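Student: Coordinates in my_file23.csv, CSV, C-alpha atoms and all ligand atoms, are listed below.
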```csv
chain,number,residue,atom,x,y,z
D,1,MET,CA,0.0,0.0,0.0
D,2,LYS,CA,1.3,3.4,-0.9
D,3,ALA,CA,2.2,5.6,2.1
D,4,HIS,CA,2.5,9.4,1.9
D,5,LYS,CA,4.6,11.2,4.4
D,6,ILE,CA,2.8,14.4,5.4
D,7,ALA,CA,4.1,17.2,7.6
D,8,VAL,CA,1.4,18.9,9.5
D,9,VAL,CA,1.9,22.5,10.7
D,10,PRO,CA,-1.3,23.5,12.6
D,11,GLY,CA,0.2,27.0,13.5
D,12,ASP,CA,-1.7,29.7,15.3
D,13,GLY,CA,-5.2,30.7,16.3
D,14,THR,CA,-7.9,28.5,14.7
D,15,GLY,CA,-5.2,26.7,12.6
D,16,PRO,CA,-5.0,23.7,14.9
D,17,GLU,CA,-8.8,23.3,15.0
D,18,VAL,CA,-9.2,23.3,11.2
D,19,THR,CA,-6.1,21.2,10.6
D,20,ALA,CA,-7.5,18.5,12.8
D,21,GLU,CA,-10.6,18.2,10.7
D,22,ALA,CA,-8.6,18.3,7.4
D,23,VAL,CA,-6.5,15.4,8.8
D,24,LYS,CA,-9.6,13.5,9.8
D,25,VAL,CA,-11.0,13.8,6.3
D,26,LEU,CA,-7.6,12.9,4.8
D,27,GLN,CA,-7.4,9.7,6.8
D,28,ALA,CA,-11.0,8.8,5.9
D,29,ALA,CA,-10.2,9.3,2.2
D,30,ALA,CA,-6.9,7.3,2.5
D,31,GLY,CA,-8.8,4.4,4.1
D,32,LYS,CA,-11.3,4.3,1.3
D,33,ASN,CA,-8.9,4.8,-1.5
D,34,GLY,CA,-6.1,2.3,-0.7
D,35,PHE,CA,-3.3,4.5,0.7
D,36,THR,CA,-2.0,5.6,4.1
D,37,VAL,CA,-0.7,8.8,5.4
D,38,GLU,CA,2.2,9.0,7.9
D,39,LEU,CA,1.8,12.3,9.8
D,40,ALA,CA,4.4,14.3,11.6
D,41,GLN,CA,3.4,17.4,13.6
D,42,PHE,CA,5.5,20.6,13.7
D,43,ASP,CA,4.8,23.3,16.3
D,44,PHE,CA,5.9,26.3,14.3
D,45,GLY,CA,3.9,29.4,15.1
D,46,GLY,CA,3.3,32.3,17.5
D,47,GLU,CA,3.1,30.3,20.7
D,48,ARG,CA,6.4,28.6,20.1
D,49,TYR,CA,8.0,32.0,19.2
D,50,LEU,CA,6.7,33.6,22.4
D,51,LYS,CA,8.0,30.7,24.5
D,52,THR,CA,11.4,30.2,22.8
D,53,GLY,CA,12.2,33.4,21.0
D,54,GLU,CA,12.8,31.4,17.9
D,55,VAL,CA,10.6,31.9,14.8
D,56,LEU,CA,11.7,28.9,12.8
D,57,PRO,CA,14.5,26.6,13.8
D,58,ASP,CA,17.3,26.4,11.2
D,59,SER,CA,16.7,22.7,10.8
D,60,ALA,CA,13.0,23.3,9.8
D,61,VAL,CA,13.5,23.7,6.0
D,62,GLY,CA,15.7,20.6,5.8
D,63,ASP,CA,13.4,18.6,8.0
D,64,LEU,CA,10.4,19.5,5.9
D,65,ARG,CA,12.1,18.7,2.6
D,66,VAL,CA,11.9,14.9,3.2
D,67,PHE,CA,8.0,14.9,3.2
D,68,ASP,CA,5.8,14.3,0.3
D,69,ALA,CA,3.7,17.4,1.2
D,70,ILE,CA,3.0,19.8,4.0
D,71,LEU,CA,-0.5,20.7,5.4
D,72,LEU,CA,-0.5,24.1,7.0
D,73,GLY,CA,-3.2,25.6,9.3
D,74,ALA,CA,-2.6,29.3,9.8
D,75,ILE,CA,0.2,31.7,10.8
D,76,GLY,CA,-0.4,34.9,12.7
D,77,HIS,CA,-0.6,35.7,16.5
D,78,PRO,CA,-2.2,38.8,18.1
D,79,ASP,CA,0.7,39.1,20.6
D,80,VAL,CA,3.4,39.1,17.9
D,81,GLU,CA,4.2,42.2,15.9
D,82,PRO,CA,2.8,41.8,12.3
D,83,GLY,CA,5.4,40.5,9.9
D,84,ILE,CA,7.6,38.5,12.2
D,85,LEU,CA,5.7,35.2,11.9
D,86,GLU,CA,4.4,35.9,8.4
D,87,LYS,CA,7.9,36.6,7.0
D,88,GLY,CA,9.7,34.3,9.3
D,89,ILE,CA,7.6,31.2,8.9
D,90,LEU,CA,5.1,31.4,6.0
D,91,LEU,CA,7.2,33.3,3.5
D,92,ARG,CA,10.4,31.7,4.5
D,93,LEU,CA,9.0,28.3,3.9
D,94,ARG,CA,7.5,29.3,0.5
D,95,PHE,CA,10.8,30.9,-0.5
D,96,GLU,CA,13.3,28.3,0.8
D,97,LEU,CA,11.2,25.4,-0.4
D,98,ASP,CA,11.0,27.3,-3.7
D,99,GLN,CA,7.3,26.9,-3.9
D,100,TYR,CA,7.1,29.3,-6.8
D,101,ILE,CA,3.4,28.8,-7.6
D,102,ASN,CA,0.5,29.7,-5.4
D,103,LEU,CA,-2.5,27.9,-6.9
D,104,ARG,CA,-5.8,29.3,-5.8
D,105,PRO,CA,-9.0,27.9,-7.3
D,106,VAL,CA,-12.1,30.2,-7.1
D,107,LYS,CA,-15.0,27.8,-7.4
D,108,LEU,CA,-18.5,28.4,-6.1
D,109,PHE,CA,-20.0,25.1,-5.0
D,110,PRO,CA,-23.8,24.5,-5.4
D,111,GLY,CA,-25.8,25.7,-2.5
D,112,VAL,CA,-23.2,28.2,-1.4
D,113,ASP,CA,-24.2,31.8,-1.1
D,114,THR,CA,-22.2,34.4,-3.1
D,115,PRO,CA,-22.6,38.1,-2.7
D,116,LEU,CA,-22.8,38.4,-6.5
D,117,LYS,CA,-26.3,38.8,-7.7
D,118,ASP,CA,-27.4,36.4,-10.5
D,119,LYS,CA,-24.2,34.5,-10.5
D,120,GLY,CA,-23.9,30.8,-9.6
D,121,PRO,CA,-21.5,27.8,-9.9
D,122,GLU,CA,-21.7,28.1,-13.7
D,123,GLU,CA,-20.3,31.6,-13.6
D,124,ILE,CA,-17.9,31.4,-10.7
D,125,ASP,CA,-15.3,28.8,-11.6
D,126,PHE,CA,-11.7,29.9,-12.4
D,127,VAL,CA,-8.2,29.4,-11.1
D,128,VAL,CA,-5.6,32.0,-10.1
D,129,VAL,CA,-1.9,31.1,-10.6
D,130,ARG,CA,0.0,33.5,-8.4
D,131,GLU,CA,3.7,33.8,-8.6
D,132,ASN,CA,4.9,33.0,-5.1
D,133,THR,CA,8.6,33.8,-4.6
D,134,GLU,CA,9.3,37.2,-6.2
D,135,GLY,CA,7.8,40.6,-7.0
D,136,LEU,CA,7.0,42.9,-4.1
D,137,TYR,CA,7.5,40.0,-1.7
D,138,SER,CA,11.2,39.6,-2.4
D,139,GLY,CA,12.1,41.6,0.7
D,140,MET,CA,14.4,44.0,-1.2
D,141,GLY,CA,14.3,47.6,-0.2
D,142,GLY,CA,15.1,49.6,2.8
D,143,PHE,CA,14.9,52.9,4.8
D,144,GLN,CA,16.9,56.0,4.5
D,145,TYR,CA,16.6,58.6,7.4
D,146,ARG,CA,14.2,56.4,9.2
D,147,GLY,CA,11.9,58.4,11.6
D,148,MET,CA,13.1,61.7,10.1
D,149,PRO,CA,10.8,64.1,8.2
D,150,ASN,CA,12.7,63.3,5.0
D,151,GLU,CA,12.4,59.6,5.5
D,152,VAL,CA,12.6,57.4,2.4
D,153,ALA,CA,11.2,53.9,2.3
D,154,THR,CA,11.6,51.6,-0.8
D,155,GLN,CA,10.2,48.2,-1.5
D,156,ILE,CA,11.5,46.7,-4.7
D,157,MET,CA,9.3,44.7,-7.1
D,158,CYS,CA,11.9,42.3,-8.2
D,159,ASN,CA,11.1,40.2,-11.2
D,160,THR,CA,13.5,37.8,-12.8
D,161,ARG,CA,13.1,36.5,-16.3
D,162,ALA,CA,13.6,32.9,-15.0
D,163,GLY,CA,11.2,33.4,-12.2
D,164,VAL,CA,8.5,34.9,-14.4
D,165,GLU,CA,9.0,32.4,-17.1
D,166,ARG,CA,8.7,29.3,-14.9
D,167,CYS,CA,5.5,30.7,-13.4
D,168,LEU,CA,4.0,31.4,-16.9
D,169,ARG,CA,5.0,27.9,-18.1
D,170,TYR,CA,3.2,26.4,-15.2
D,171,ALA,CA,0.2,28.5,-15.9
D,172,PHE,CA,0.1,27.5,-19.6
D,173,ASP,CA,0.5,23.9,-18.7
D,174,TYR,CA,-2.2,24.1,-16.1
D,175,THR,CA,-4.5,25.8,-18.6
D,176,ARG,CA,-3.8,23.1,-21.2
D,177,GLU,CA,-4.6,20.3,-18.7
D,178,HIS,CA,-7.4,21.8,-16.7
D,179,GLY,CA,-8.7,24.9,-18.4
D,180,LYS,CA,-12.4,24.8,-19.5
D,181,LYS,CA,-11.9,27.3,-22.3
D,182,LYS,CA,-8.1,26.8,-22.7
D,183,GLN,CA,-7.8,30.5,-22.0
D,184,LEU,CA,-5.0,32.1,-19.9
D,185,THR,CA,-5.4,35.7,-18.8
D,186,LEU,CA,-2.3,37.6,-17.8
D,187,VAL,CA,-3.2,40.0,-14.9
D,188,ALA,CA,-0.8,42.9,-14.6
D,189,LYS,CA,-0.5,46.7,-14.8
D,190,ARG,CA,1.6,47.2,-17.8
D,191,ASN,CA,0.4,50.7,-18.4
D,192,VAL,CA,2.2,51.8,-15.2
D,193,LEU,CA,4.7,49.1,-14.3
D,194,THR,CA,6.4,49.6,-17.6
D,195,TYR,CA,9.6,47.7,-16.6
D,196,ALA,CA,8.4,45.0,-14.3
D,197,HIS,CA,5.2,44.1,-16.2
D,198,ASP,CA,6.7,44.7,-19.6
D,199,LEU,CA,8.9,41.7,-18.7
D,200,TRP,CA,5.8,39.7,-17.8
D,201,TRP,CA,4.1,40.8,-21.1
D,202,ARG,CA,7.1,39.9,-23.3
D,203,ALA,CA,7.7,36.6,-21.6
D,204,PHE,CA,3.9,35.8,-21.8
D,205,ASN,CA,3.9,36.3,-25.5
D,206,GLU,CA,7.2,34.7,-26.3
D,207,VAL,CA,6.5,31.6,-24.3
D,208,GLY,CA,2.9,31.5,-25.7
D,209,ASP,CA,4.0,31.8,-29.3
D,210,ALA,CA,6.8,29.3,-28.9
D,211,ASP,CA,5.2,26.5,-27.0
D,212,TYR,CA,1.5,27.1,-26.4
D,213,ALA,CA,-0.2,28.0,-29.7
D,214,ASP,CA,-3.2,26.0,-28.5
D,215,ILE,CA,-3.9,28.3,-25.5
D,216,LYS,CA,-5.9,31.4,-26.0
D,217,ARG,CA,-4.0,34.4,-24.6
D,218,ASP,CA,-5.8,37.2,-22.8
D,219,TYR,CA,-4.7,40.2,-20.9
D,220,ALA,CA,-6.4,42.4,-18.2
D,221,HIS,CA,-5.1,45.1,-16.0
D,222,VAL,CA,-5.4,44.2,-12.3
D,223,ASP,CA,-7.9,47.0,-11.5
D,224,ALA,CA,-10.1,46.0,-14.4
D,225,THR,CA,-9.7,42.3,-13.2
D,226,CYS,CA,-11.3,43.3,-9.9
D,227,MET,CA,-14.1,44.8,-11.7
D,228,TRP,CA,-14.7,41.8,-14.0
D,229,MET,CA,-14.4,39.3,-11.1
D,230,VAL,CA,-17.5,41.0,-9.7
D,231,LYS,CA,-19.3,41.8,-12.9
D,232,ASN,CA,-18.5,39.0,-15.3
D,233,PRO,CA,-16.5,36.2,-13.4
D,234,GLU,CA,-17.6,33.8,-16.2
D,235,TRP,CA,-15.1,35.4,-18.6
D,236,PHE,CA,-12.2,33.9,-16.7
D,237,ASP,CA,-10.7,30.5,-17.0
D,238,VAL,CA,-7.1,30.5,-15.7
D,239,LEU,CA,-5.4,33.8,-14.5
D,240,VAL,CA,-1.7,34.2,-14.0
D,241,THR,CA,-0.3,37.1,-12.0
D,242,CYS,CA,2.5,38.5,-9.8
D,243,ASN,CA,2.8,37.8,-6.1
D,244,MET,CA,1.2,40.9,-4.7
D,245,PHE,CA,-1.7,41.2,-7.3
D,246,GLY,CA,-2.3,37.5,-6.7
D,247,ASP,CA,-2.5,38.0,-3.0
D,248,ILE,CA,-5.1,40.8,-3.4
D,249,ILE,CA,-7.3,39.3,-6.1
D,250,THR,CA,-7.6,36.0,-4.4
D,251,ASP,CA,-9.1,37.5,-1.3
D,252,LEU,CA,-11.7,39.0,-3.6
D,253,GLY,CA,-12.0,35.5,-5.2
D,254,ALA,CA,-12.5,33.9,-1.8
D,255,MET,CA,-15.4,36.2,-1.1
D,256,ILE,CA,-17.2,35.5,-4.4
D,257,GLN,CA,-16.8,31.7,-3.8
D,258,GLY,CA,-18.4,31.9,-0.4
D,259,GLY,CA,-15.8,33.3,1.9
D,260,MET,CA,-12.7,32.4,3.8
D,261,GLY,CA,-14.4,29.4,5.2
D,262,ILE,CA,-14.1,27.6,1.9
D,263,ALA,CA,-11.1,29.1,0.0
D,264,ALA,CA,-8.0,26.9,-0.2
D,265,GLY,CA,-4.6,27.1,-2.0
D,266,GLY,CA,-1.5,25.3,-2.7
D,267,ASN,CA,2.1,26.6,-2.5
D,268,ILE,CA,3.6,24.4,-5.2
D,269,ASN,CA,7.1,23.5,-6.1
D,270,PRO,CA,6.5,21.2,-9.1
D,271,GLU,CA,10.0,19.7,-8.6
D,272,GLY,CA,10.0,19.6,-4.7
D,273,VAL,CA,7.8,19.7,-1.6
D,274,SER,CA,4.5,21.6,-1.8
D,275,MET,CA,2.4,23.1,1.1
D,276,PHE,CA,-1.3,23.3,1.2
D,277,GLU,CA,-3.3,25.8,3.3
D,278,PRO,CA,-6.6,27.5,3.8
D,279,ILE,CA,-6.1,31.0,2.4
D,280,GLY,CA,-7.6,32.8,5.4
D,281,GLY,CA,-5.7,33.7,8.5
D,282,SER,CA,-5.6,32.5,12.1
D,283,ALA,CA,-8.9,34.2,13.1
D,284,PRO,CA,-7.9,34.9,16.8
D,285,LYS,CA,-11.3,36.0,17.8
D,286,TYR,CA,-12.8,32.6,17.1
D,287,THR,CA,-10.0,30.5,18.5
D,288,GLY,CA,-10.9,27.6,20.7
D,289,GLN,CA,-14.6,28.0,20.3
D,290,GLY,CA,-15.2,25.2,17.8
D,291,VAL,CA,-17.1,27.6,15.5
D,292,ILE,CA,-14.6,28.1,12.7
D,293,ASN,CA,-15.4,26.5,9.3
D,294,PRO,CA,-12.9,23.8,8.6
D,295,LEU,CA,-13.9,23.4,4.9
D,296,ALA,CA,-11.1,25.6,3.6
D,297,ALA,CA,-8.5,23.4,5.4
D,298,ILE,CA,-10.4,20.3,4.1
D,299,CYS,CA,-10.3,21.7,0.6
D,300,ALA,CA,-6.5,22.2,1.1
D,301,ALA,CA,-6.2,18.5,1.9
D,302,GLN,CA,-8.2,17.8,-1.2
D,303,MET,CA,-5.8,19.8,-3.3
D,304,MET,CA,-2.9,17.9,-1.6
D,305,CYS,CA,-4.5,14.6,-2.6
D,306,ALA,CA,-4.7,15.7,-6.2
D,307,HIS,CA,-1.1,16.8,-6.1
D,308,LEU,CA,0.0,13.5,-4.6
D,309,GLY,CA,-1.7,11.7,-7.5
D,310,GLU,CA,-4.5,10.4,-5.3
D,311,THR,CA,-7.1,11.5,-7.8
D,312,ALA,CA,-9.9,9.3,-6.6
D,313,ALA,CA,-9.5,10.6,-3.0
D,314,ALA,CA,-9.4,14.2,-4.2
D,315,GLU,CA,-12.6,13.7,-6.2
D,316,ALA,CA,-14.3,11.9,-3.3
D,317,ILE,CA,-13.4,14.8,-0.9
D,318,GLU,CA,-14.7,17.4,-3.3
D,319,LYS,CA,-17.9,15.5,-3.7
D,320,ALA,CA,-18.3,15.1,0.0
D,321,VAL,CA,-17.7,18.9,0.5
D,322,ILE,CA,-20.3,19.7,-2.2
D,323,THR,CA,-22.9,17.5,-0.5
D,324,VAL,CA,-22.2,19.1,2.9
D,325,THR,CA,-22.4,22.7,1.6
D,326,ARG,CA,-25.4,22.0,-0.5
D,327,ASP,CA,-27.5,19.9,1.9
D,328,ARG,CA,-26.3,20.5,5.4
D,329,LEU,CA,-24.6,23.8,6.3
D,330,LYS,CA,-26.8,26.8,6.9
D,331,SER,CA,-23.9,29.2,6.2
D,332,LEU,CA,-20.2,29.0,5.6
D,333,SER,CA,-19.5,31.7,8.2
D,334,ALA,CA,-17.9,31.0,11.5
D,335,GLY,CA,-20.6,30.4,14.2
D,336,LYS,CA,-23.4,30.3,11.7
D,337,MET,CA,-22.9,26.9,10.1
D,338,GLY,CA,-25.5,25.1,12.2
D,339,TYR,CA,-22.7,22.7,13.2
D,340,SER,CA,-19.5,22.9,15.2
D,341,THR,CA,-16.1,22.7,13.6
D,342,SER,CA,-15.6,19.0,14.4
D,343,GLU,CA,-19.2,18.2,13.4
D,344,VAL,CA,-18.5,19.6,9.9
D,345,GLY,CA,-15.3,17.5,9.8
D,346,ASP,CA,-17.4,14.4,10.8
D,347,LEU,CA,-20.0,15.1,8.1
D,348,VAL,CA,-17.4,15.3,5.4
D,349,ALA,CA,-15.3,12.4,6.6
D,350,GLY,CA,-18.5,10.3,6.8
D,351,LEU,CA,-19.4,11.0,3.2
D,352,VAL,CA,-15.9,10.5,1.7
D,353,GLY,CA,-16.1,7.5,-0.6
M,401,LIG,C1,-1.8,34.8,1.9
M,401,LIG,C2,-1.4,35.7,3.1
M,401,LIG,C3,0.1,35.9,3.1
M,401,LIG,C4,0.5,36.5,1.8
M,401,LIG,C5,0.6,36.7,4.3
M,401,LIG,C6,0.1,36.1,5.6
M,401,LIG,C7,2.1,36.9,4.3
M,401,LIG,O1,-2.1,36.9,3.0
M,401,LIG,O2,-1.3,33.6,1.9
M,401,LIG,O3,-2.4,35.3,1.0
M,401,LIG,O4,0.5,37.8,1.7
M,401,LIG,O5,0.9,35.8,0.9
M,402,MN,MN,-3.5,37.0,1.3
```
The structure given in the file should be rewritten as structure tokens.
Ligand code: IPM
Ligand code: MN

Tutor:
Amino acid sequence: MKAHKIAVVPGDGTGPEVTAEAVKVLQAAAGKNGFTVELAQFDFGGERYLKTGEVLPDSAVGDLRVFDAILLGAIGHPDVEPGILEKGILLRLRFELDQYINLRPVKLFPGVDTPLKDKGPEEIDFVVVRENTEGLYSGMGGFQYRGMPNEVATQIMCNTRAGVERCLRYAFDYTREHGKKKQLTLVAKRNVLTYAHDLWWRAFNEVGDADYADIKRDYAHVDATCMWMVKNPEWFDVLVTCNMFGDIITDLGAMIQGGMGIAAGGNINPEGVSMFEPIGGSAPKYTGQGVINPLAAICAAQMMCAHLGETAAAEAIEKAVITVTRDRLKSLSAGKMGYSTSEVGDLVAGLVG
């Protein structure tokens, strides 16, 4: 029997609660689909940092590299200055494990409420491929005259041809394999970012012309993309974009697919170890109450199964989630589901075939 080695990083706030349900569903799916999961827990997060003063042990990246995949809950603690844990854990893992793709499906399941009037599952079904190691997230920049009236602060949007091209190639391949319309939209701001996004534009067209003549190429500025995501989400199939724009438009995407309770993503290194996570944060105000929605974490586990080649398990989890959202949950919002966090996990686990 095939055994997948999974590192579990529950993290902060509601992370441990939702991760427990994702693991429950993963084990149910494994049991039904002829594979096993060997789990190892890691305690990285705010509590550990406050106790030990260490954000991430130096051994962490090396330790995680031996796993087949990583399941992450949430990173972010109310008693820790913003940025320390996010940069020191989440971004460090993404960068050092070279997870250069952040794959974020925006899919409205049947029976789930969307704030978009007259739009349903037919209209809201696209995927964002977010570059995950460069751009404004590169950490380059600095202060001059910090704290003085003439202070200067810069944050460099660093784009490398190699980094942009590998992201574009992944997006083209993804569109070829999964796209409904075989259409890839480049989301950028090339009317203003005339260096950084000119590089994206040239690479998009060169790579497209050379190797992906079968894929329809489309372009939208990021501001217009926000508008179309609300007005005509059905125009989109696969979108590819830089790190910062991808961060922003996928929160909008999460809202139109039913909220942070359901939105999941994968930090993917196609040649290495990938990490799957709910895209929402640690939700400190709901911590420990058993009211947070675990479906986003469960959907992250679903994406992880697909990535590991456990296609039947991935399909079974998605089917179970659809049944639960359509027939059982009153709402996807924390505290309004009509069930507790662990009851939602039980419902999905019970339905996984
Ligand atoms: C996300 C989050 C992170 C990001 C933060 C916590 C660093 O917002 O995964 O979208 O900006 O990438
Ligand atoms: Mn974000």

Student: At a cut-off of 7 Å and counting only C-alpha atoms and all ligand atoms, what residues surround ligand MN 402 (chain M)? Please answer as a list in words.

Tutor: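 Every residue with an atom at most 7 Å from ligand MN 402 (chain M) is listed here: Asp247, Ile248, Asp251 and Ile279 of chain D.
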
Student: Write as a PyMOL selection string the residues around ligand LIG 401 (chain M), taking 7 Å as the cut-off and counting all atoms listed in the file.

Tutor: chain D and resi 75+86-87+90-91+247+279+281

Student: Determine, counting all atoms listed in the file, which protein, DNA and RNA residues have an atom within 6 Å of an atom of Arg104 of chain D; residues of the same chain fewer than 4 positions away are not included. Present the result as number ranges by chain.

Tutor: D: 127-128, 265

Student: Can you write out as a tab-separated table which residues of segment 269-351 of chain D fall within 12 Å of segment 114-122 of chain D, alongside each residue's closest atom pair and its distance in Å to one decimal, counting all atoms listed in the file and ordering rows by chain and ascending residue number?

Tutor:
```
residue	atom	partner	partner_atom	distance
D:Ile322	CA	D:Pro121	CA	11.2
D:Arg326	CA	D:Pro121	CA	11.7
D:Ser331	CA	D:Thr114	CA	10.8
D:Leu332	CA	D:Thr114	CA	10.4
D:Ser333	CA	D:Thr114	CA	11.9
```

Student: Would you pick out the contacts of segment 162-178 of chain D at 7 Å or less, using only C-alpha atoms, so that residues sharing its chain but fewer than 6 positions from it are not included, and give the list as a PDB file with C-alpha atoms, keeping the file's coordinate frame?

Tutor:
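Here's the written file out-v9.pdb:
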```pdb
ATOM      1  CA  TYR D 100       7.100  29.300  -6.800  1.00  0.00           C
ATOM      2  CA  ILE D 101       3.400  28.800  -7.600  1.00  0.00           C
ATOM      3  CA  VAL D 129      -1.900  31.100 -10.600  1.00  0.00           C
ATOM      4  CA  GLU D 131       3.700  33.800  -8.600  1.00  0.00           C
ATOM      5  CA  LEU D 184      -5.000  32.100 -19.900  1.00  0.00           C
ATOM      6  CA  TRP D 200       5.800  39.700 -17.800  1.00  0.00           C
ATOM      7  CA  ALA D 203       7.700  36.600 -21.600  1.00  0.00           C
ATOM      8  CA  PHE D 204       3.900  35.800 -21.800  1.00  0.00           C
ATOM      9  CA  TYR D 212       1.500  27.100 -26.400  1.00  0.00           C
ATOM     10  CA  ILE D 215      -3.900  28.300 -25.500  1.00  0.00           C
ATOM     11  CA  VAL D 238      -7.100  30.500 -15.700  1.00  0.00           C
ATOM     12  CA  VAL D 240      -1.700  34.200 -14.000  1.00  0.00           C
TER      13      VAL D 240
END
```

Student: Kindly give the distance, in Å, that separates atom CA of Val25 of chain D and atom CA of Thr250 of chain D, rounded to a single decimal.

Tutor: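 Between these atoms lies a distance of 24.9 Å.
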
Student: Pick from D:Val352, D:Ile84, D:Val344, D:Gly179: nearest to Ala312 of chain D, with all atoms listed in the file counted?

Tutor: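 Closest residue, counting all atoms listed in the file: D:Val352.
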
Student: Near Tyr195 of chain D, counting only C-alpha atoms, which residues have an atom at most 12 Å away, once you skip same-chain residues fewer than 5 positions from it, shown as number ranges by chain?

Tutor: D: 157-161, 188-190, 200-202

Student: When you draw a straight line from atom CA of Gly338 of chain D to atom CA of Gly290 of chain D, how long is it in Å?

Tutor: 11.7 Å

Student: What does the distance between atom CA of Lys107 of chain D and atom CA of Val230 of chain D come to in Å, to one decimal place?

Tutor: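 For atom CA of Lys107 of chain D relative to atom CA of Val230 of chain D, the distance reads 13.6 Å.
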
Student: List the spatial neighbours of Ala301 of chain D as a VMD selection string - criterion: any atom at most 8 Å away, all atoms listed in the file, same-chain residues fewer than 6 positions off excluded.

Tutor: chain D and resid 22 to 23 26 71 276 to 277

Student: Extract, using all atoms listed in the file, all DNA, RNA and protein residues at most 6 Å from Val291 of chain D, discarding same-chain residues fewer than 6 positions from it, and format them as JSON, numbers by chain.

Tutor: {"D": [334, 335, 340, 341]}

Student: Just add N, CA, C and O atoms to segment 162-174 of chain D and send it as a PDB file, in the frame of the given file.

Tutor:
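So selection-v4.pdb came out as:
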```
ATOM      1  N   ALA D 162      13.768  34.364 -15.341  1.00  0.00           N
ATOM      2  CA  ALA D 162      13.600  32.900 -15.000  1.00  0.00           C
ATOM      3  C   ALA D 162      12.416  32.692 -14.127  1.00  0.00           C
ATOM      4  O   ALA D 162      11.642  31.750 -14.329  1.00  0.00           O
ATOM      5  N   GLY D 163      12.256  33.570 -13.127  1.00  0.00           N
ATOM      6  CA  GLY D 163      11.200  33.400 -12.200  1.00  0.00           C
ATOM      7  C   GLY D 163       9.801  33.629 -12.827  1.00  0.00           C
ATOM      8  O   GLY D 163       8.827  32.909 -12.553  1.00  0.00           O
ATOM      9  N   VAL D 164       9.739  34.635 -13.686  1.00  0.00           N
ATOM     10  CA  VAL D 164       8.500  34.900 -14.400  1.00  0.00           C
ATOM     11  C   VAL D 164       8.174  33.805 -15.371  1.00  0.00           C
ATOM     12  O   VAL D 164       7.045  33.310 -15.450  1.00  0.00           O
ATOM     13  N   GLU D 165       9.207  33.373 -16.089  1.00  0.00           N
ATOM     14  CA  GLU D 165       9.000  32.400 -17.100  1.00  0.00           C
ATOM     15  C   GLU D 165       8.527  31.033 -16.560  1.00  0.00           C
ATOM     16  O   GLU D 165       7.622  30.389 -17.105  1.00  0.00           O
ATOM     17  N   ARG D 166       9.103  30.624 -15.438  1.00  0.00           N
ATOM     18  CA  ARG D 166       8.700  29.300 -14.900  1.00  0.00           C
ATOM     19  C   ARG D 166       7.244  29.369 -14.383  1.00  0.00           C
ATOM     20  O   ARG D 166       6.504  28.397 -14.500  1.00  0.00           O
ATOM     21  N   CYS D 167       6.857  30.540 -13.888  1.00  0.00           N
ATOM     22  CA  CYS D 167       5.500  30.700 -13.400  1.00  0.00           C
ATOM     23  C   CYS D 167       4.525  30.672 -14.637  1.00  0.00           C
ATOM     24  O   CYS D 167       3.487  30.003 -14.612  1.00  0.00           O
ATOM     25  N   LEU D 168       4.894  31.391 -15.696  1.00  0.00           N
ATOM     26  CA  LEU D 168       4.000  31.400 -16.900  1.00  0.00           C
ATOM     27  C   LEU D 168       3.920  30.007 -17.502  1.00  0.00           C
ATOM     28  O   LEU D 168       2.826  29.596 -17.894  1.00  0.00           O
ATOM     29  N   ARG D 169       5.036  29.291 -17.561  1.00  0.00           N
ATOM     30  CA  ARG D 169       5.000  27.900 -18.100  1.00  0.00           C
ATOM     31  C   ARG D 169       4.064  27.026 -17.326  1.00  0.00           C
ATOM     32  O   ARG D 169       3.291  26.243 -17.881  1.00  0.00           O
ATOM     33  N   TYR D 170       4.149  27.153 -16.001  1.00  0.00           N
ATOM     34  CA  TYR D 170       3.200  26.400 -15.200  1.00  0.00           C
ATOM     35  C   TYR D 170       1.792  26.710 -15.480  1.00  0.00           C
ATOM     36  O   TYR D 170       0.933  25.834 -15.630  1.00  0.00           O
ATOM     37  N   ALA D 171       1.531  28.020 -15.626  1.00  0.00           N
ATOM     38  CA  ALA D 171       0.200  28.500 -15.900  1.00  0.00           C
ATOM     39  C   ALA D 171      -0.333  27.982 -17.260  1.00  0.00           C
ATOM     40  O   ALA D 171      -1.476  27.549 -17.413  1.00  0.00           O
ATOM     41  N   PHE D 172       0.536  28.051 -18.256  1.00  0.00           N
ATOM     42  CA  PHE D 172       0.100  27.500 -19.600  1.00  0.00           C
ATOM     43  C   PHE D 172      -0.140  26.034 -19.510  1.00  0.00           C
ATOM     44  O   PHE D 172      -1.144  25.560 -20.055  1.00  0.00           O
ATOM     45  N   ASP D 173       0.756  25.304 -18.861  1.00  0.00           N
ATOM     46  CA  ASP D 173       0.500  23.900 -18.700  1.00  0.00           C
ATOM     47  C   ASP D 173      -0.751  23.554 -17.988  1.00  0.00           C
ATOM     48  O   ASP D 173      -1.512  22.661 -18.361  1.00  0.00           O
ATOM     49  N   TYR D 174      -0.983  24.311 -16.923  1.00  0.00           N
ATOM     50  CA  TYR D 174      -2.200  24.100 -16.100  1.00  0.00           C
ATOM     51  C   TYR D 174      -3.437  24.361 -16.971  1.00  0.00           C
ATOM     52  O   TYR D 174      -4.424  23.614 -16.917  1.00  0.00           O
TER      53      TYR D 174
END
```
